[in-house]
file start-v8.tsv (TSV, C-alpha atoms)
chain	number	residue	atom	x	y	z
A	1	LEU	CA	87.59	136.37	167.75
A	2	PRO	CA	86.49	133.88	170.46
A	3	ARG	CA	89.23	131.48	169.29
A	4	ALA	CA	91.79	134.27	169.32
A	5	ILE	CA	90.81	135.22	172.88
A	6	PHE	CA	90.95	131.60	173.96
A	7	LEU	CA	94.34	131.14	172.31
A	8	TRP	CA	95.73	134.23	174.07
A	9	SER	CA	94.43	133.16	177.45
A	10	SER	CA	95.67	129.58	176.94
A	11	LEU	CA	99.18	130.75	176.12
A	12	ARG	CA	99.22	133.08	179.13
A	13	PHE	CA	98.06	130.21	181.32
A	14	GLY	CA	100.79	128.02	179.84
A	15	ARG	CA	103.45	130.60	180.69
A	16	ARG	CA	102.22	131.09	184.23
A	17	GLN	CA	102.23	127.34	184.79
A	18	SER	CA	105.55	126.88	182.94
A	19	SER	CA	103.83	124.18	180.99
A	20	SER	CA	103.57	124.14	177.22
A	21	ARG	CA	101.71	120.84	177.44
A	22	ALA	CA	98.60	122.50	178.89
A	23	ALA	CA	98.45	124.99	176.04
A	24	SER	CA	99.11	122.25	173.49
A	25	ARG	CA	96.23	120.12	174.84
A	26	SER	CA	93.95	123.16	174.71
A	27	LEU	CA	94.88	123.84	171.09
A	28	ARG	CA	94.23	120.24	170.12
A	29	ALA	CA	90.85	120.33	171.81
A	30	PHE	CA	89.84	123.27	169.61
A	31	GLY	CA	91.30	121.78	166.43
A	32	MET	CA	94.10	124.30	166.34
A	33	ASP	CA	97.13	121.99	166.49
A	34	CYS	CA	97.90	122.84	162.88
A	35	GLY	CA	101.63	123.27	163.33
A	36	CYS	CA	101.33	126.99	162.63
A	37	PHE	CA	103.58	127.75	165.59
A	38	SER	CA	106.43	125.64	164.21
A	39	GLY	CA	107.36	128.15	161.52
A	40	PHE	CA	106.87	125.56	158.77
A	41	ILE	CA	104.20	125.69	156.08
A	42	ALA	CA	104.85	122.25	154.59
A	43	PRO	CA	105.89	118.86	155.97
A	44	GLN	CA	109.39	117.84	154.89
A	45	GLN	CA	109.21	115.09	152.28
A	46	LYS	CA	110.59	114.37	148.84
A	47	GLU	CA	108.05	111.84	147.66
A	48	GLY	CA	105.05	112.79	145.54
A	49	LYS	CA	104.63	114.91	142.45
A	50	VAL	CA	103.93	118.65	142.59
A	51	LYS	CA	102.87	121.11	139.90
A	52	LEU	CA	104.39	124.52	139.31
A	53	GLY	CA	102.44	126.97	137.20
A	54	TYR	CA	103.73	130.18	135.60
A	55	TRP	CA	103.90	131.99	132.29
A	56	GLY	CA	106.13	130.54	129.60
A	57	ILE	CA	108.95	132.97	130.40
A	58	ARG	CA	111.78	133.07	132.94
A	59	GLY	CA	110.44	135.78	135.25
A	60	LEU	CA	109.43	134.50	138.67
A	61	GLY	CA	109.22	130.95	137.35
A	62	ALA	CA	112.91	130.39	136.59
A	63	PRO	CA	114.27	130.41	140.17
A	64	LEU	CA	111.41	128.18	141.32
A	65	ARG	CA	112.09	125.71	138.50
A	66	MET	CA	115.82	125.69	139.34
A	67	LEU	CA	114.98	125.11	142.99
A	68	LEU	CA	112.75	122.13	142.21
A	69	HIS	CA	115.35	120.63	139.87
A	70	TYR	CA	118.08	121.03	142.49
A	71	ALA	CA	115.84	119.43	145.12
A	72	GLY	CA	115.35	116.41	142.86
A	73	ALA	CA	111.61	116.96	142.92
A	74	GLU	CA	109.20	115.18	140.63
A	75	PHE	CA	107.15	118.03	139.22
A	76	GLU	CA	105.02	119.18	136.33
A	77	ASP	CA	106.33	122.42	134.84
A	78	LYS	CA	103.16	124.09	133.59
A	79	ARG	CA	103.98	127.06	131.36
A	80	TYR	CA	101.14	129.23	130.06
A	81	SER	CA	101.39	130.80	126.62
A	82	ASP	CA	97.65	131.35	126.13
A	83	PRO	CA	96.21	133.84	128.65
A	84	GLN	CA	92.77	132.34	128.14
A	85	GLU	CA	93.98	128.95	129.39
A	86	TRP	CA	95.02	130.59	132.64
A	87	PHE	CA	92.36	133.25	133.17
A	88	GLY	CA	89.48	131.36	131.60
A	89	THR	CA	90.17	127.75	132.61
A	90	ASP	CA	92.78	127.04	135.28
A	91	LYS	CA	92.52	130.11	137.50
A	92	PRO	CA	88.77	129.71	138.18
A	93	LYS	CA	89.41	126.10	139.22
A	94	LEU	CA	92.27	126.99	141.55
A	95	ILE	CA	90.24	129.80	143.12
A	96	GLN	CA	87.93	127.11	144.47
A	97	LYS	CA	90.84	125.85	146.57
A	98	ASN	CA	92.68	129.10	147.14
A	99	PRO	CA	90.97	132.50	146.67
A	100	LEU	CA	94.45	134.06	146.22
A	101	ALA	CA	95.10	132.04	143.03
A	102	ASN	CA	97.73	133.73	140.90
A	103	LEU	CA	100.93	133.01	139.00
A	104	PRO	CA	103.21	131.50	140.12
A	105	TYR	CA	101.40	128.74	141.98
A	106	LEU	CA	102.32	125.34	143.36
A	107	VAL	CA	99.90	122.45	143.65
A	108	ASP	CA	100.78	119.66	146.07
A	109	GLY	CA	97.88	117.24	146.37
A	110	ASP	CA	94.99	119.25	147.82
A	111	VAL	CA	97.24	122.17	148.73
A	112	VAL	CA	97.43	125.19	146.41
A	113	VAL	CA	100.11	127.74	147.33
A	114	CYS	CA	100.24	131.18	145.71
A	115	GLN	CA	102.39	134.30	146.02
A	116	THR	CA	106.04	133.97	145.05
A	117	ASN	CA	107.72	134.01	148.44
A	118	ALA	CA	105.10	131.67	149.91
A	119	VAL	CA	105.89	129.21	147.11
A	120	PHE	CA	109.61	129.57	147.89
A	121	ASP	CA	108.88	128.90	151.56
A	122	TYR	CA	106.71	125.89	150.78
A	123	ILE	CA	109.31	124.31	148.50
A	124	GLY	CA	112.03	125.11	151.03
A	125	ASP	CA	110.12	123.40	153.83
A	126	ARG	CA	109.10	120.41	151.73
A	127	TYR	CA	112.58	119.67	150.42
A	128	GLY	CA	114.67	120.90	153.35
A	129	LEU	CA	116.08	124.00	151.66
A	130	GLY	CA	114.59	126.74	153.81
A	131	GLY	CA	117.14	126.72	156.62
A	132	GLU	CA	117.79	124.19	159.36
A	133	THR	CA	117.49	126.48	162.39
A	134	MET	CA	115.27	129.38	163.39
A	135	ASP	CA	118.13	131.80	162.74
A	136	GLN	CA	118.74	130.36	159.28
A	137	ARG	CA	115.06	130.44	158.39
A	138	ARG	CA	114.86	134.08	159.46
A	139	GLU	CA	117.91	135.00	157.36
A	140	CYS	CA	116.56	133.11	154.37
A	141	ARG	CA	113.16	134.80	154.50
A	142	GLN	CA	114.66	138.26	154.91
A	143	LEU	CA	116.87	137.69	151.89
A	144	LEU	CA	113.93	136.47	149.79
A	145	ALA	CA	112.05	139.68	150.57
A	146	GLU	CA	115.09	141.84	149.84
A	147	ILE	CA	115.71	140.15	146.49
A	148	TYR	CA	112.06	140.65	145.56
A	149	ASP	CA	112.46	144.38	146.24
A	150	VAL	CA	115.50	144.48	143.95
A	151	ARG	CA	113.59	142.62	141.26
A	152	ASN	CA	110.68	145.06	141.46
A	153	MET	CA	113.02	148.03	141.02
A	154	ILE	CA	114.37	146.48	137.83
A	155	ILE	CA	110.88	145.59	136.59
A	156	GLU	CA	109.96	149.28	136.74
A	157	LEU	CA	112.74	149.94	134.22
A	158	VAL	CA	112.48	147.06	131.77
A	159	TYR	CA	108.72	146.62	131.22
A	160	PRO	CA	107.27	149.27	128.84
A	161	PHE	CA	103.76	148.94	130.32
A	162	LYS	CA	105.07	150.49	133.54
A	163	GLU	CA	105.35	153.74	131.52
A	164	LYS	CA	108.67	154.70	133.09
A	165	CYS	CA	110.71	153.54	130.11
A	166	ARG	CA	108.45	153.74	127.09
A	167	ASN	CA	111.24	153.78	124.54
A	168	GLU	CA	114.95	153.05	124.18
A	169	GLU	CA	116.05	156.58	125.09
A	170	GLU	CA	114.08	156.60	128.34
A	171	PHE	CA	115.37	153.12	129.16
A	172	LYS	CA	119.02	154.09	128.67
A	173	ALA	CA	118.63	157.23	130.76
A	174	SER	CA	116.81	155.48	133.63
A	175	MET	CA	119.06	152.43	133.59
A	176	GLY	CA	122.15	154.64	133.59
A	177	LYS	CA	120.98	156.37	136.77
A	178	TYR	CA	120.08	153.06	138.35
A	179	LEU	CA	123.48	151.52	137.62
A	180	GLN	CA	125.26	154.54	139.11
A	181	LEU	CA	123.27	154.69	142.34
A	182	GLY	CA	120.30	152.39	142.95
A	183	CYS	CA	122.08	149.24	141.83
A	184	LYS	CA	125.07	149.91	144.06
A	185	VAL	CA	122.89	150.49	147.12
A	186	ALA	CA	120.72	147.42	146.51
A	187	PHE	CA	123.46	144.99	145.64
A	188	SER	CA	125.85	146.22	148.32
A	189	LYS	CA	123.32	144.99	150.88
A	190	LEU	CA	123.17	141.62	149.18
A	191	GLU	CA	126.97	141.48	149.01
A	192	GLY	CA	126.99	142.12	152.75
A	193	VAL	CA	124.83	139.06	153.36
A	194	TYR	CA	127.17	136.78	151.43
A	195	ALA	CA	130.29	138.34	152.95
A	196	LYS	CA	128.90	137.55	156.38
A	197	THR	CA	128.66	133.82	155.65
A	198	GLU	CA	131.67	133.52	153.31
A	199	PRO	CA	133.89	131.85	155.95
A	200	GLN	CA	131.38	128.98	156.13
A	201	GLY	CA	130.74	128.68	152.39
A	202	PRO	CA	129.67	130.51	149.22
A	203	TYR	CA	125.91	130.52	149.88
A	204	ALA	CA	123.57	132.77	151.83
A	205	LEU	CA	123.53	130.35	154.77
A	206	GLY	CA	127.08	129.13	154.35
A	207	SER	CA	127.88	125.71	152.97
A	208	LYS	CA	124.45	124.69	151.68
A	209	PRO	CA	122.18	126.46	149.17
A	210	CYS	CA	118.82	127.73	150.42
A	211	THR	CA	115.75	129.00	148.58
A	212	ALA	CA	116.98	132.61	148.56
A	213	ASP	CA	120.15	131.64	146.68
A	214	PHE	CA	118.12	130.53	143.69
A	215	HIS	CA	116.30	133.85	143.39
A	216	MET	CA	119.61	135.64	143.90
A	217	TRP	CA	121.17	133.70	141.04
A	218	GLU	CA	118.31	134.78	138.76
A	219	MET	CA	119.03	138.42	139.53
call {"tool": "encode", "arguments": {"input": "start-v8.tsv", "output": "structure tokens"}}
result
Amino acid sequence: LPRAIFLWSSLRFGRRQSSSRAASRSLRAFGMDCGCFSGFIAPQQKEGKVKLGYWGIRGLGAPLRMLLHYAGAEFEDKRYSDPQEWFGTDKPKLIQKNPLANLPYLVDGDVVVCQTNAVFDYIGDRYGLGGETMDQRRECRQLLAEIYDVRNMIIELVYPFKEKCRNEEEFKASMGKYLQLGCKVAFSKLEGVYAKTEPQGPYALGSKPCTADFHMWEM
């Protein structure tokens, strides 16, 4: 709380003085020049090996793997088939570095990134595929969140453990309703995004693929 109060007062002082340098010096003095105001969560670089961890299925891992391959990244593709290897061995180790440890995860040196969209953002920043301007980054992140919502709607229908489609009859009935209404609503929004940038190119941001395109392709 003291740091938050100091940060707020420093930024107000900076505005009154029309000087971002004063606020920047104050942040450095308190060890807070972490780059968190830049909107980036990873430095842009292509060197160095990273590790992607996920179950040995497509799921959330497939678009991340495609993204890393497209970026030309050197990476270890860790696929878990034995739950004990993840829950009993690797997860407890990663928790020491990141209490949010879950699948998928990305390890980059001492950095452990978890949660799907955070991993997308990290890879996008590291390999220059998250948007080149503030506007592009905002569009990309919105689209990632929207695609994740679409995915979760489909997951409710196709995984028996969700207890919405416990057998083939329930699946056909629920999927039929979804294809008639829910699918059209969800994908019409996504179509609108691509129609907006179509004059510039076939991707979400125009002429160059971004992280959101890879999750869109997996849908």
call {"tool": "atom_distance", "arguments": {"input": "start-v8.tsv", "atom1": "atom CA of Trp55 of chain A", "atom2": "atom CA of Arg79 of chain A"}}
result
5.0 Å
call {"tool": "residues_around", "arguments": {"input": "start-v8.tsv", "residues": "Cys114 of chain A", "least_positions_apart": "4", "cutoff": "12 Å", "atoms": "only C-alpha atoms", "output": "list in words"}}
result
Lys51, Leu52, Gly53, Tyr54, Lys91, Leu94, Ile95, Lys97, Asn98, Pro99, Leu100, Ala101, Asn102, Leu103, Pro104, Tyr105, Leu106, Val107, Asp108, Ala118, Val119, Phe120, Asp121, Tyr122 and Ile123 of chain A
call {"tool": "residues_around", "arguments": {"input": "start-v8.tsv", "residues": "Tyr127 of chain A", "least_positions_apart": "3", "cutoff": "9 Å", "atoms": "all atoms listed in the file", "output": "list in words"}}
result
Pro43, Gln44, Gln45, Lys46, Leu68, Ala71, Gly72, Ala73, Tyr122, Ile123, Gly124 and Gly130 of chain A
call {"tool": "write_last_selection", "arguments": {"input": "start-v8.tsv", "atoms": "C-alpha atoms", "output": "compact mmCIF listing (two decimals), in the frame of the given file"}}
result
# COMPACT_ATOMS: atom_id res chain seq x y z
CA PRO A 43 105.89 118.86 155.97
CA GLN A 44 109.39 117.84 154.89
CA GLN A 45 109.21 115.09 152.28
CA LYS A 46 110.59 114.37 148.84
CA LEU A 68 112.75 122.13 142.21
CA ALA A 71 115.84 119.43 145.12
CA GLY A 72 115.35 116.41 142.86
CA ALA A 73 111.61 116.96 142.92
CA TYR A 122 106.71 125.89 150.78
CA ILE A 123 109.31 124.31 148.50
CA GLY A 124 112.03 125.11 151.03
CA GLY A 130 114.59 126.74 153.81
call {"tool": "atom_distance", "arguments": {"input": "start-v8.tsv", "atom1": "atom CA of Asp77 of chain A", "atom2": "atom CA of Pro92 of chain A"}}
result
19.3 Å
call {"tool": "closest_residue", "arguments": {"input": "start-v8.tsv", "among": "A:Leu205, A:Phe40, A:Tyr159, A:Asn117", "to": "Gly61 of chain A", "atoms": "all atoms listed in the file"}}
result
A:Asn117
call {"tool": "atom_distance", "arguments": {"input": "start-v8.tsv", "atom1": "atom CA of Trp86 of chain A", "atom2": "atom CA of Val112 of chain A"}}
result
15.0 Å
call {"tool": "residues_near_point", "arguments": {"input": "start-v8.tsv", "point": "(114.9, 147.6, 136.1)", "cutoff": "10 Å", "atoms": "only C-alpha atoms", "output": "VMD selection string"}}
result
chain A and resid 150 to 159 164 to 165 171 174 to 175 178 to 179 182 to 183
call {"tool": "closest_residue", "arguments": {"input": "start-v8.tsv", "among": "A:Gln180, A:Gln96, A:Thr197, A:Thr211", "to": "Asp125 of chain A", "atoms": "only C-alpha atoms"}}
result
A:Thr211
call {"tool": "residues_around", "arguments": {"input": "start-v8.tsv", "residues": "Gly131 of chain A", "least_positions_apart": "3", "cutoff": "7 Å", "atoms": "all atoms listed in the file", "output": "ChimeraX atom specification"}}
result
/A:136-137,140,210
call {"tool": "closest_residue", "arguments": {"input": "start-v8.tsv", "among": "A:Val50, A:Leu181, A:Leu190, A:Ala212", "to": "Val113 of chain A", "atoms": "all atoms listed in the file"}}
result
A:Val50
